[in-house]
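Dropping query37.txt in here (compact mmCIF, C-alpha atoms and all ligand atoms):
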# COMPACT_ATOMS: atom_id res chain seq x y z
CA MET A 151 -3.70 9.85 26.35
CA THR A 152 -2.39 6.74 28.08
CA PHE A 153 0.49 5.14 26.35
CA ILE A 154 -0.89 1.66 25.90
CA TYR A 155 1.83 0.42 23.58
CA LYS A 156 4.43 1.03 26.28
CA ASN A 157 5.64 -2.56 26.51
CA MET A 158 6.44 -2.61 22.84
CA VAL A 159 8.50 0.56 22.71
CA PRO A 160 12.09 0.02 21.63
CA ILE A 161 13.14 2.77 24.08
CA HIS A 162 16.71 3.26 22.98
CA SER A 163 16.10 3.33 19.23
CA LEU A 164 13.07 5.59 19.68
CA TYR A 165 15.15 7.93 21.85
CA LYS A 166 17.87 7.98 19.20
CA ALA A 167 15.37 8.63 16.41
CA LEU A 168 13.66 11.50 18.23
CA SER A 169 16.87 13.24 19.24
CA TYR A 170 18.34 12.77 15.76
CA ALA A 171 15.27 14.37 14.17
CA LYS A 172 15.30 17.28 16.61
CA GLU A 173 19.02 17.93 16.18
CA ASN A 174 19.27 17.52 12.43
CA SER A 175 16.00 18.36 10.71
CA PRO A 176 15.08 22.07 10.63
CA PHE A 177 11.39 21.11 10.70
CA TYR A 178 11.72 19.02 13.88
CA ALA A 179 14.15 21.47 15.51
CA GLU A 180 11.23 23.85 15.45
CA LYS A 181 8.40 21.39 16.03
CA LEU A 182 10.05 19.51 18.92
CA ASN A 183 11.57 22.58 20.52
CA GLY A 184 10.89 22.65 24.28
CA PHE A 185 10.15 18.92 24.61
CA ASP A 186 12.32 16.85 26.95
CA LEU A 187 13.44 14.00 24.70
CA SER A 188 15.79 12.30 27.18
CA GLU A 189 15.79 8.51 27.35
CA ASP A 190 13.82 8.71 30.60
CA ALA A 191 11.21 10.94 29.04
CA VAL A 192 10.88 8.50 26.14
CA LYS A 193 10.46 5.66 28.65
CA ASN A 194 7.65 7.63 30.29
CA GLY A 195 5.77 8.06 27.04
CA ILE A 196 6.75 11.56 25.92
CA LEU A 197 5.95 10.44 22.38
CA THR A 198 2.23 10.75 23.03
CA GLN A 199 2.66 14.46 23.72
CA LEU A 200 4.60 15.23 20.59
CA PRO A 201 2.77 16.89 17.71
CA PHE A 202 1.77 14.81 14.71
CA THR A 203 3.38 15.31 11.34
CA THR A 204 0.89 15.57 8.50
CA LYS A 205 1.13 15.07 4.76
CA ASP A 206 0.58 18.82 4.45
CA ASP A 207 3.64 19.51 6.62
CA LEU A 208 5.70 17.31 4.39
CA ALA A 209 4.38 18.96 1.23
CA GLN A 210 4.68 22.54 2.43
CA ARG A 211 8.03 22.30 4.19
CA ASN A 212 9.58 19.49 2.18
CA LYS A 213 13.21 20.66 2.25
CA ASP A 214 13.08 21.39 6.00
CA PHE A 215 12.67 17.67 6.63
CA LEU A 216 16.12 16.93 5.21
CA ALA A 217 18.22 15.92 8.22
CA THR A 218 21.67 15.64 6.69
CA SER A 219 23.87 17.43 4.18
CA ILE A 220 22.56 17.10 0.64
CA LYS A 221 25.98 15.63 -0.19
CA ASN A 222 25.03 12.52 1.77
CA ILE A 223 21.87 11.89 -0.25
CA ALA A 224 22.15 8.83 -2.45
CA GLU A 225 18.57 8.54 -3.73
CA TYR A 226 15.83 11.06 -4.36
CA VAL A 227 12.48 9.36 -4.35
CA THR A 228 9.13 11.06 -4.67
CA THR A 229 5.65 10.35 -3.49
CA SER A 230 2.42 12.14 -4.32
CA GLY A 231 1.78 15.08 -2.04
CA THR A 232 -1.53 16.43 -0.85
CA SER A 233 -1.82 19.11 -3.52
CA GLY A 234 -0.86 16.82 -6.38
CA SER A 235 2.74 18.00 -6.66
CA PRO A 236 5.24 15.33 -5.62
CA VAL A 237 7.05 15.37 -2.30
CA THR A 238 10.70 14.30 -2.15
CA VAL A 239 11.93 11.74 0.35
CA TYR A 240 15.71 11.88 0.65
CA LEU A 241 17.66 8.67 1.30
CA THR A 242 21.28 8.29 2.34
CA LYS A 243 23.36 5.19 1.61
CA ASN A 244 22.43 3.90 5.05
CA ASP A 245 18.75 4.54 4.33
CA LEU A 246 19.12 2.37 1.22
CA LYS A 247 20.64 -0.35 3.40
CA ARG A 248 17.70 0.02 5.78
CA LEU A 249 15.33 -0.30 2.83
CA ALA A 250 17.11 -3.41 1.56
CA LEU A 251 16.98 -4.97 5.02
CA ASN A 252 13.32 -4.09 5.35
CA GLU A 253 12.44 -5.84 2.10
CA LYS A 254 14.66 -8.80 2.89
CA VAL A 255 12.79 -9.38 6.16
CA SER A 256 9.50 -8.61 4.45
CA LEU A 257 9.98 -11.00 1.51
CA SER A 258 11.47 -13.70 3.77
CA CYS A 259 8.29 -13.44 5.82
CA THR A 260 6.45 -14.98 2.82
CA GLY A 261 8.89 -17.90 2.83
CA ALA A 262 10.89 -16.65 -0.16
CA ASN A 263 14.61 -17.46 -0.14
CA GLU A 264 17.80 -17.39 -2.21
CA ASP A 265 16.54 -20.18 -4.47
CA ASP A 266 13.70 -18.03 -5.74
CA ILE A 267 13.59 -16.10 -8.99
CA PHE A 268 11.51 -12.96 -8.71
CA GLN A 269 9.84 -11.02 -11.49
CA LEU A 270 9.14 -7.37 -10.84
CA LEU A 271 5.91 -6.21 -12.53
CA THR A 272 6.09 -2.71 -11.17
CA THR A 273 8.21 0.23 -12.24
CA ILE A 274 11.67 0.81 -10.82
CA ASP A 275 12.22 4.24 -12.36
CA ARG A 276 10.41 7.59 -12.21
CA GLN A 277 11.65 8.06 -8.66
CA PHE A 278 9.29 5.44 -7.19
CA MET A 279 10.51 3.75 -4.07
CA ALA A 280 8.60 0.47 -4.28
CA GLY A 281 10.34 -1.08 -7.29
CA LEU A 282 13.74 -0.04 -5.99
CA ALA A 283 12.96 -1.41 -2.53
CA TYR A 284 11.94 -4.81 -3.92
CA TYR A 285 15.00 -4.89 -6.15
CA LEU A 286 17.30 -4.18 -3.19
CA GLY A 287 15.48 -6.68 -1.00
CA VAL A 288 15.78 -9.47 -3.54
CA GLN A 289 19.51 -8.78 -3.88
CA GLU A 290 19.82 -8.82 -0.09
CA ILE A 291 18.12 -12.23 0.10
CA GLY A 292 20.53 -13.47 -2.55
CA ALA A 293 17.75 -14.47 -4.96
CA GLY A 294 17.44 -13.67 -8.66
CA MET A 295 15.50 -10.76 -10.13
CA VAL A 296 13.92 -10.22 -13.53
CA ARG A 297 12.82 -6.60 -13.95
CA ILE A 298 10.10 -6.49 -16.57
CA GLY A 299 8.21 -3.53 -15.13
CA PRO A 300 4.49 -2.82 -15.56
CA GLY A 301 2.28 -3.81 -18.50
CA VAL A 302 3.30 -5.90 -21.53
CA PRO A 303 1.52 -9.18 -20.65
CA ALA A 304 3.12 -11.04 -23.58
CA LEU A 305 6.61 -10.23 -22.33
CA GLN A 306 5.66 -11.07 -18.74
CA TRP A 307 4.59 -14.59 -19.73
CA LYS A 308 7.55 -15.09 -22.04
CA SER A 309 9.92 -14.22 -19.20
CA ILE A 310 8.07 -16.32 -16.62
CA PHE A 311 8.49 -19.42 -18.79
CA GLU A 312 11.99 -18.61 -20.02
CA ASN A 313 13.46 -17.73 -16.64
CA ASN A 314 11.46 -20.17 -14.48
CA VAL A 315 10.21 -17.32 -12.33
CA THR A 316 8.84 -18.46 -8.95
CA VAL A 317 7.64 -15.22 -7.33
CA LEU A 318 5.82 -12.28 -8.91
CA ILE A 319 5.72 -8.85 -7.33
CA ALA A 320 2.67 -7.12 -8.77
CA VAL A 321 -0.51 -5.16 -8.21
CA PRO A 322 -3.37 -7.68 -8.01
CA SER A 323 -5.48 -5.84 -10.62
CA PHE A 324 -2.73 -6.42 -13.13
CA ILE A 325 -2.72 -10.16 -12.39
CA ILE A 326 -6.35 -10.20 -13.57
CA THR A 327 -5.21 -8.62 -16.84
CA LEU A 328 -2.33 -11.09 -17.08
CA LEU A 329 -4.65 -14.07 -16.63
CA ALA A 330 -7.14 -12.70 -19.16
CA TYR A 331 -4.29 -12.36 -21.65
CA ALA A 332 -3.08 -15.92 -21.00
CA LYS A 333 -6.54 -17.37 -21.57
CA LYS A 334 -7.08 -15.40 -24.76
CA ASN A 335 -3.73 -16.49 -26.15
CA ASN A 336 -3.81 -20.11 -24.99
CA ILE A 337 -0.88 -19.73 -22.62
CA ASP A 338 -0.81 -22.68 -20.25
CA TYR A 339 -0.23 -20.50 -17.19
CA LYS A 340 -1.18 -23.29 -14.77
CA LYS A 341 1.98 -25.09 -15.85
CA SER A 342 4.23 -22.12 -15.08
CA SER A 343 6.85 -22.15 -12.33
CA VAL A 344 5.15 -19.33 -10.39
CA LYS A 345 4.45 -20.32 -6.77
CA LYS A 346 3.77 -17.01 -5.07
CA ILE A 347 2.60 -13.50 -5.78
CA VAL A 348 3.55 -10.66 -3.48
CA CYS A 349 0.62 -8.31 -4.02
CA ILE A 350 1.28 -4.63 -3.59
CA GLY A 351 -0.73 -1.43 -3.68
CA GLU A 352 -4.21 -2.89 -3.22
CA ALA A 353 -6.03 -4.78 -0.49
CA LEU A 354 -6.22 -8.53 -1.02
CA ARG A 355 -8.21 -9.59 2.01
CA GLU A 356 -11.39 -8.95 3.92
CA ASP A 357 -11.50 -7.88 7.54
CA ASP A 358 -11.50 -11.55 8.65
CA PHE A 359 -8.38 -12.20 6.53
CA SER A 360 -10.22 -14.32 3.99
CA LEU A 361 -9.42 -13.31 0.41
CA ASN A 362 -11.51 -10.46 -0.93
CA VAL A 363 -13.16 -10.80 -4.32
CA LEU A 364 -10.04 -9.64 -6.12
CA GLY A 365 -7.91 -12.20 -4.26
CA LYS A 366 -10.50 -14.95 -4.80
CA ARG A 367 -10.71 -14.21 -8.46
CA ILE A 368 -6.97 -14.71 -8.85
CA GLN A 369 -6.89 -17.81 -6.67
CA GLU A 370 -9.85 -19.49 -8.36
CA ASP A 371 -8.06 -19.20 -11.68
CA TRP A 372 -4.55 -19.89 -10.53
CA ASP A 373 -3.32 -22.04 -7.66
CA VAL A 374 -0.61 -19.73 -6.31
CA GLU A 375 0.05 -18.38 -2.82
CA LEU A 376 -0.98 -14.77 -2.46
CA TYR A 377 0.72 -12.46 0.02
CA SER A 378 -0.43 -9.00 0.85
CA THR A 379 1.92 -6.18 1.72
CA TYR A 380 1.38 -2.60 2.81
CA ALA A 381 4.07 0.04 2.67
CA SER A 382 4.55 3.72 2.08
CA THR A 383 7.42 5.76 0.70
CA GLU A 384 7.43 8.04 3.72
CA MET A 385 7.78 5.11 6.17
CA GLY A 386 10.37 3.35 4.03
CA ALA A 387 9.15 0.12 5.56
CA ALA A 388 6.59 -2.54 4.77
CA PHE A 389 4.07 -4.66 6.65
CA THR A 390 4.04 -8.06 4.97
CA GLU A 391 2.04 -11.19 5.69
CA CYS A 392 3.64 -14.36 6.90
CA SER A 393 2.36 -17.81 5.95
CA ALA A 394 -0.34 -17.49 8.66
CA GLN A 395 -1.82 -14.67 6.55
CA GLN A 396 -3.25 -12.91 9.57
CA GLY A 397 -2.15 -9.37 8.80
CA GLY A 398 1.12 -7.69 7.88
CA HIS A 399 3.93 -7.86 10.43
CA LEU A 400 5.62 -4.74 11.72
CA ASN A 401 9.40 -4.73 11.64
CA PRO A 402 9.94 -3.17 15.10
CA ASP A 403 13.57 -2.28 14.34
CA LEU A 404 12.59 0.06 11.54
CA LEU A 405 9.37 1.70 12.60
CA PHE A 406 7.47 2.64 15.71
CA LEU A 407 3.79 2.13 15.06
CA GLU A 408 0.77 3.82 16.61
CA VAL A 409 -2.78 3.14 15.42
CA ILE A 410 -5.05 5.98 16.48
CA LYS A 411 -8.82 5.89 16.51
CA GLU A 412 -11.15 8.67 15.35
CA ASP A 413 -11.56 9.83 18.99
CA GLY A 414 -7.79 10.24 19.38
CA THR A 415 -7.23 7.17 21.56
CA TYR A 416 -5.22 4.09 20.67
CA ALA A 417 -6.77 1.18 18.82
CA VAL A 418 -6.57 -2.04 20.82
CA ASN A 419 -6.50 -5.53 19.39
CA GLY A 420 -8.87 -5.71 16.41
CA GLU A 421 -9.88 -2.06 16.37
CA ILE A 422 -9.63 0.33 13.43
CA GLY A 423 -7.49 3.43 13.47
CA GLU A 424 -5.18 5.60 11.42
CA VAL A 425 -1.65 4.27 10.90
CA VAL A 426 0.83 6.70 12.49
CA ALA A 427 4.53 5.94 12.04
CA THR A 428 7.77 7.14 13.58
CA THR A 429 10.75 6.03 11.52
CA LEU A 430 13.68 4.41 13.33
CA GLY A 431 17.23 4.64 12.04
CA VAL A 432 16.44 6.96 9.14
CA GLU A 433 19.07 9.60 8.26
CA GLY A 434 17.72 11.48 5.26
CA THR A 435 14.05 12.17 5.98
CA PRO A 436 13.21 11.01 9.50
CA LEU A 437 9.55 11.31 10.49
CA VAL A 438 7.97 11.61 13.92
CA ARG A 439 4.35 10.58 14.43
CA TYR A 440 3.61 10.77 10.73
CA LYS A 441 -0.10 10.46 9.96
CA THR A 442 -0.32 8.24 6.89
CA GLY A 443 -4.05 8.75 6.37
CA ASP A 444 -4.41 4.97 5.99
CA LEU A 445 -7.01 3.18 8.10
CA ALA A 446 -6.45 -0.38 9.25
CA ARG A 447 -7.17 -2.75 12.13
CA TYR A 448 -4.45 -3.20 14.71
CA TYR A 449 -3.56 -6.65 16.06
CA SER A 450 -1.34 -7.08 19.10
CA GLU A 451 -1.84 -10.77 19.90
CA THR A 452 1.08 -13.05 19.05
CA CYS A 453 0.68 -14.35 15.51
CA SER A 454 0.27 -18.10 15.02
CA CYS A 455 3.68 -18.03 13.26
CA GLY A 456 5.19 -17.17 16.65
CA ASN A 457 6.18 -13.61 15.73
CA LYS A 458 5.17 -11.27 18.55
CA SER A 459 5.34 -8.03 16.54
CA PRO A 460 2.09 -6.12 16.07
CA ARG A 461 0.24 -6.61 12.80
CA LEU A 462 -1.97 -4.51 10.59
CA GLY A 463 -5.07 -5.83 8.89
CA PRO A 464 -5.92 -4.90 5.30
CA ILE A 465 -5.97 -1.18 4.60
CA ILE A 466 -9.64 -0.33 4.81
CA GLY A 467 -9.26 2.97 3.04
CA ARG A 468 -7.70 6.34 3.20
CA LYS A 469 -9.12 8.91 5.54
CA ASN A 470 -9.59 11.29 2.63
CA GLN A 471 -11.21 8.61 0.48
CA MET A 472 -14.33 8.16 2.55
CA ILE A 473 -17.28 8.87 0.28
CA LYS A 474 -20.25 10.57 1.90
CA TYR A 475 -23.45 9.51 0.25
CA LYS A 476 -26.89 10.42 1.61
CA GLY A 477 -25.70 10.36 5.19
CA THR A 478 -23.73 7.14 4.96
CA THR A 479 -20.03 6.56 4.48
CA ILE A 480 -18.79 4.33 1.70
CA PHE A 481 -15.21 3.18 1.41
CA PRO A 482 -13.82 2.63 -2.08
CA ASN A 483 -13.08 -1.03 -1.24
CA SER A 484 -16.78 -1.87 -1.05
CA ILE A 485 -17.32 -0.34 -4.49
CA TYR A 486 -14.35 -2.28 -5.90
CA GLU A 487 -15.85 -5.46 -4.52
CA VAL A 488 -18.96 -5.13 -6.69
CA PHE A 489 -16.91 -4.82 -9.87
CA ASP A 490 -14.09 -7.20 -8.97
CA GLN A 491 -16.53 -10.05 -8.56
CA GLN A 492 -17.94 -9.80 -12.09
CA PRO A 493 -16.00 -12.31 -14.21
CA SER A 494 -16.74 -10.34 -17.39
CA ILE A 495 -15.14 -7.16 -16.05
CA THR A 496 -11.37 -6.97 -16.36
CA CYS A 497 -10.99 -3.21 -15.97
CA TYR A 498 -12.98 -0.38 -14.42
CA LYS A 499 -12.51 3.00 -12.83
CA VAL A 500 -14.50 4.87 -10.19
CA GLU A 501 -14.89 8.65 -10.34
CA VAL A 502 -16.16 10.57 -7.35
CA SER A 503 -17.27 14.16 -7.76
CA LYS A 504 -19.45 16.64 -5.87
CA ASP A 505 -22.94 17.27 -7.17
CA TYR A 506 -24.60 20.70 -6.98
CA LEU A 507 -25.74 20.01 -3.40
CA GLY A 508 -22.22 19.17 -2.28
CA ASN A 509 -22.91 15.43 -2.03
CA ASP A 510 -20.53 12.93 -3.53
CA ALA A 511 -21.64 11.56 -6.87
CA ILE A 512 -20.22 8.25 -8.08
CA THR A 513 -19.53 7.39 -11.71
CA VAL A 514 -18.11 4.06 -12.80
CA LEU A 515 -16.29 3.69 -16.11
CA LEU A 516 -16.72 0.25 -17.65
CA GLU A 517 -15.70 -1.52 -20.83
CA LYS A 518 -18.03 -1.03 -23.80
CA LYS A 519 -18.79 -4.76 -24.07
CA ILE A 520 -20.53 -4.63 -20.68
CA GLU A 521 -23.07 -1.99 -21.74
CA ASN A 522 -25.65 -4.27 -23.32
CA SER A 523 -24.58 -7.50 -21.65
CA PRO A 524 -26.85 -9.56 -19.40
CA GLU A 525 -24.43 -8.92 -16.49
CA MET A 526 -25.46 -5.29 -16.34
CA ASN A 527 -28.65 -6.12 -14.39
CA GLN A 528 -26.62 -8.12 -11.90
CA ILE A 529 -24.15 -5.26 -11.48
CA ILE A 530 -26.98 -2.84 -10.72
CA ALA A 531 -28.53 -5.28 -8.24
CA ASP A 532 -25.15 -5.76 -6.54
CA CYS A 533 -24.66 -2.01 -6.26
CA GLN A 534 -28.06 -1.65 -4.63
CA ALA A 535 -27.38 -4.49 -2.23
CA LYS A 536 -23.79 -3.75 -1.30
CA ILE A 537 -23.24 -0.03 -1.52
CA LYS A 538 -26.87 1.15 -1.48
CA VAL A 539 -26.22 3.36 -4.46
CA VAL A 540 -26.51 2.83 -8.18
CA PRO A 541 -23.67 4.83 -9.69
CA HIS A 542 -23.80 6.58 -13.01
CA PHE A 543 -22.15 4.39 -15.68
CA VAL A 544 -19.99 5.45 -18.60
CA PHE A 545 -18.86 2.88 -21.18
CA LEU A 546 -15.50 3.20 -22.90
CA GLU A 547 -13.32 1.35 -25.39
CA GLU A 548 -11.35 -1.30 -23.49
CA ASP A 549 -7.88 -0.08 -24.49
CA TYR A 550 -8.67 3.50 -23.63
CA LEU A 551 -10.15 2.54 -20.26
CA ARG A 552 -7.10 0.42 -19.49
CA SER A 553 -4.81 3.35 -20.28
CA GLN A 554 -6.80 5.45 -17.80
CA VAL A 555 -6.33 2.87 -15.05
CA PHE A 556 -2.78 1.64 -15.63
CA LYS A 557 -1.17 5.00 -16.21
CA LYS A 558 2.48 5.15 -17.17
CA ASN A 559 3.36 7.64 -14.45
CA ASN A 560 1.59 5.79 -11.65
CA ARG A 561 2.87 2.95 -9.59
CA LYS A 562 -0.57 1.75 -8.57
CA PRO A 563 -3.59 1.26 -10.81
CA GLU A 564 -5.73 4.37 -10.67
CA LYS A 565 -8.99 2.65 -9.75
CA ILE A 566 -10.53 5.72 -8.21
CA VAL A 567 -10.24 9.42 -8.80
CA PHE A 568 -11.70 12.25 -6.74
CA LYS A 569 -12.65 15.15 -8.98
ZN ZN B 601 2.86 -14.24 11.48
Render the structure in this file as structure tokens.
Amino acid sequence: MTFIYKNMVPIHSLYKALSYAKENSPFYAEKLNGFDLSEDAVKNGILTQLPFTTKDDLAQRNKDFLATSIKNIAEYVTTSGTSGSPVTVYLTKNDLKRLALNEKVSLSCTGANEDDIFQLLTTIDRQFMAGLAYYLGVQEIGAGMVRIGPGVPALQWKSIFENNVTVLIAVPSFIITLLAYAKKNNIDYKKSSVKKIVCIGEALREDDFSLNVLGKRIQEDWDVELYSTYASTEMGAAFTECSAQQGGHLNPDLLFLEVIKEDGTYAVNGEIGEVVATTLGVEGTPLVRYKTGDLARYYSETCSCGNKSPRLGPIIGRKNQMIKYKGTTIFPNSIYEVFDQQPSITCYKVEVSKDYLGNDAITVLLEKKIENSPEMNQIIADCQAKIKVVPHFVFLEEDYLRSQVFKKNNRKPEKIVFK
């Protein structure tokens, strides 16, 4: 494998990260044993010969990833593992500083500054990293933060108006719920102080960077700037859009990025591959060539904002979320698109299960009011046209369906479940 990203390698910090992992983490002491990790070797692309780290490794040997004394751990965050049981990511005080810096750079990328007042619409407890990261980042910028957390649309609006909130940090699906609530209750949301929404956890754009149906639906209703961001707990770093909105920028001080195609070679400008990350400057749980399972396009051309760092396009899907249906592959995003574009639908959930032949079967849970509505014919036609499948439909009471999507223990809306 030729090391095509050679020019972009921060040699010294990569060298430091690799040797730190090998010397301090029992997992990497074993995994990287026998590899020459000298600065020269790093310069010559040794990274490409190192083994990948998988989600399974992290789940099965979780404690062996800890690269410092447990006494130095300041935060225990968890992320969902491959088998459903959570995996712990250990952070030292310095890792928290790294996280704060990451979010400062990330949020500043959207043009936010110390004059802004943020409202956090995602959870900060239950060991999730995201809420904490945004909180730290906002403090680092020197801006104000209102932590409302997920749900409670009435309280969200009350706080927005009372505190003159200018930036929301939220999952886009929840913004749809928030707008539906405002309309129903005659809240004059267009007069609010909100200027921007930093959208987390779900794709907001199409491949060509235009807004996807979810993004359009928000924007058509509400004239606010929408910014997309992609991050993962394991990376402890985010890719956030700048005002050019041409993909999320890498922070090259915090992460070394590889995007690897299905055939094992590197993605070049505009190509799709799996996001593989090596953390830089991490003390608690450093990762080397960590396969995130997320698929995205890689962009290496200088952004029109002038930033030369590589960018990632919208996350197209997860490797393990490709649905095989009658010989074709469907990504969840194309299913979401059909339902996101129906103005009458404010909540839905996709269930994928295996039928008796081992093929994937798709069921979509919808609100009861849709069942006998005229839109149903349009939905079926859209399914045929866009995903070439008409799923099985199940209709549920709106509140119950919502509770199945916006679950208390989840950071992201559970729009799809694989059974
Ligand atoms: Zn840019």
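Taking all atoms listed in the file into account, ligand ZN 601 (chain B) has within 9 Å the residues Cys259, Glu391, Cys392, Ser393, Ala394, Gln395, Gln396, Gly397, Gly398, His399, Thr452, Cys453, Ser454, Cys455, Gly456, Asn457, Lys458, Ser459 and Arg461 of chain A.
Closest to Ile465 of chain A among A:Ser378, A:Asn313, A:Thr479, A:Asn244 is A:Ser378, based on only C-alpha atoms.
For the pair atom CA of Glu312 of chain A and atom CA of Arg297 of chain A, the separation is 13.5 Å.
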For atom CA of Ile337 of chain A and atom CA of Asp490 of chain A, quote the distance in Å rounded to one decimal. 22.8 Å
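If you look at atom CA of Lys340 of chain A and atom CA of Ile368 of chain A, they are 11.9 Å away from each other.
The closest residue to Val426 of chain A, picked from A:Glu189, A:Thr260, A:Glu525, A:Phe202 and counting all atoms listed in the file, is A:Phe202.
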Residues within 8 Å of Gly431 of chain A, all atoms listed in the file, excluding chain neighbours under 4 positions, as number ranges by chain: A: 163, 166-167, 245, 248, 404, 436
Residues around (-16.0, 9.4, 0.6), cut-off 10 Å, counting only C-alpha atoms - what are they as a VMD selection string? chain A and resid 467 to 475 478 to 482 502 to 503 509 to 512 568
Please write the residues from the selection above to a file, keeping C-alpha atoms, as a compact mmCIF listing (two decimals), keeping the file's coordinate frame.
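After the write, part.txt holds the following:
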# COMPACT_ATOMS: atom_id res chain seq x y z
CA GLY A 467 -9.26 2.97 3.04
CA ARG A 468 -7.70 6.34 3.20
CA LYS A 469 -9.12 8.91 5.54
CA ASN A 470 -9.59 11.29 2.63
CA GLN A 471 -11.21 8.61 0.48
CA MET A 472 -14.33 8.16 2.55
CA ILE A 473 -17.28 8.87 0.28
CA LYS A 474 -20.25 10.57 1.90
CA TYR A 475 -23.45 9.51 0.25
CA THR A 478 -23.73 7.14 4.96
CA THR A 479 -20.03 6.56 4.48
CA ILE A 480 -18.79 4.33 1.70
CA PHE A 481 -15.21 3.18 1.41
CA PRO A 482 -13.82 2.63 -2.08
CA VAL A 502 -16.16 10.57 -7.35
CA SER A 503 -17.27 14.16 -7.76
CA ASN A 509 -22.91 15.43 -2.03
CA ASP A 510 -20.53 12.93 -3.53
CA ALA A 511 -21.64 11.56 -6.87
CA ILE A 512 -20.22 8.25 -8.08
CA PHE A 568 -11.70 12.25 -6.74
